[in-house]
Amino acid sequence: MLEQKRFTFAKVSEYTFGGDKLVPSLFIDIFQMEIADEIRKIAEEKLSDPAQFIVDVVVTSKRGPKKILIILDGDTGITIDDCANLNRELSKELDGLAQLQESYFLEVSTPGLDQPLKLKRQYKKNIGRRLNVKLADKAMEGKLIGVTDDRITIEQETGIGKQKQVVPREIEFSEIDKSFVLVSFK
């Protein structure tokens, strides 16, 4: 059980978990997660289209002002205007948020090609595209052909030449470490 002895938002004097002392950086991580959750709720309320969704909220505070990164996606895509509109609406709300007393840098962006798929909704959006799916022990590539509540199905090419076959493979979400959409320049 987590016990709080003495703390303020600026400093951790003593924080224990089952008798073990926690380091202040853990408190900062927990605090940033709480801020990220609050920002996610506000951002979701500000979305103008039900086809849009928040993929992730990342709050970092290394040197200088906090950086708040909102990753926005949509079932039918996202425009730069969608990002700018959410940025403006969210900025108005965040200026009044008690947890953000100091200055911050707000960025609203779409997931880049280097970002893994995180939500089932993203998988559904990418049916028909090729994926690189990383599992605990191997990686697989194939065309995403189906998504259910607990798994995806990809078509994987096996064999060479006349022996080439397309084989469907089902992969449970619980087995997936990361999945990336592959870009084709054909």
# chains A, B, ... in the order shown; residues from 1 in each chain; ligands from 1
>>> select_by_dssp(residues="stretch 56-127 of chain A", states="strand (DSSP E)", output="VMD selection string")
chain A and resid 56 to 60 66 to 74 104 to 109
>>> residues_around(residues="A:Asp49", least_positions_apart="2", cutoff="12 Å", atoms="only C-alpha atoms", output="MDAnalysis selection string")
chainID A and resid 44:47 51:54 72:78 82 85:86
>>> residues_around(residues="stretch 116-118 of chain A", least_positions_apart="3", cutoff="9 Å", atoms="only C-alpha atoms", output="VMD selection string")
chain A and resid 55 to 56 111 to 113 121 to 123 178 to 181
>>> atom_distance(atom1="atom CA of A:Ile176", atom2="atom CA of A:Asp150")
10.9 Å
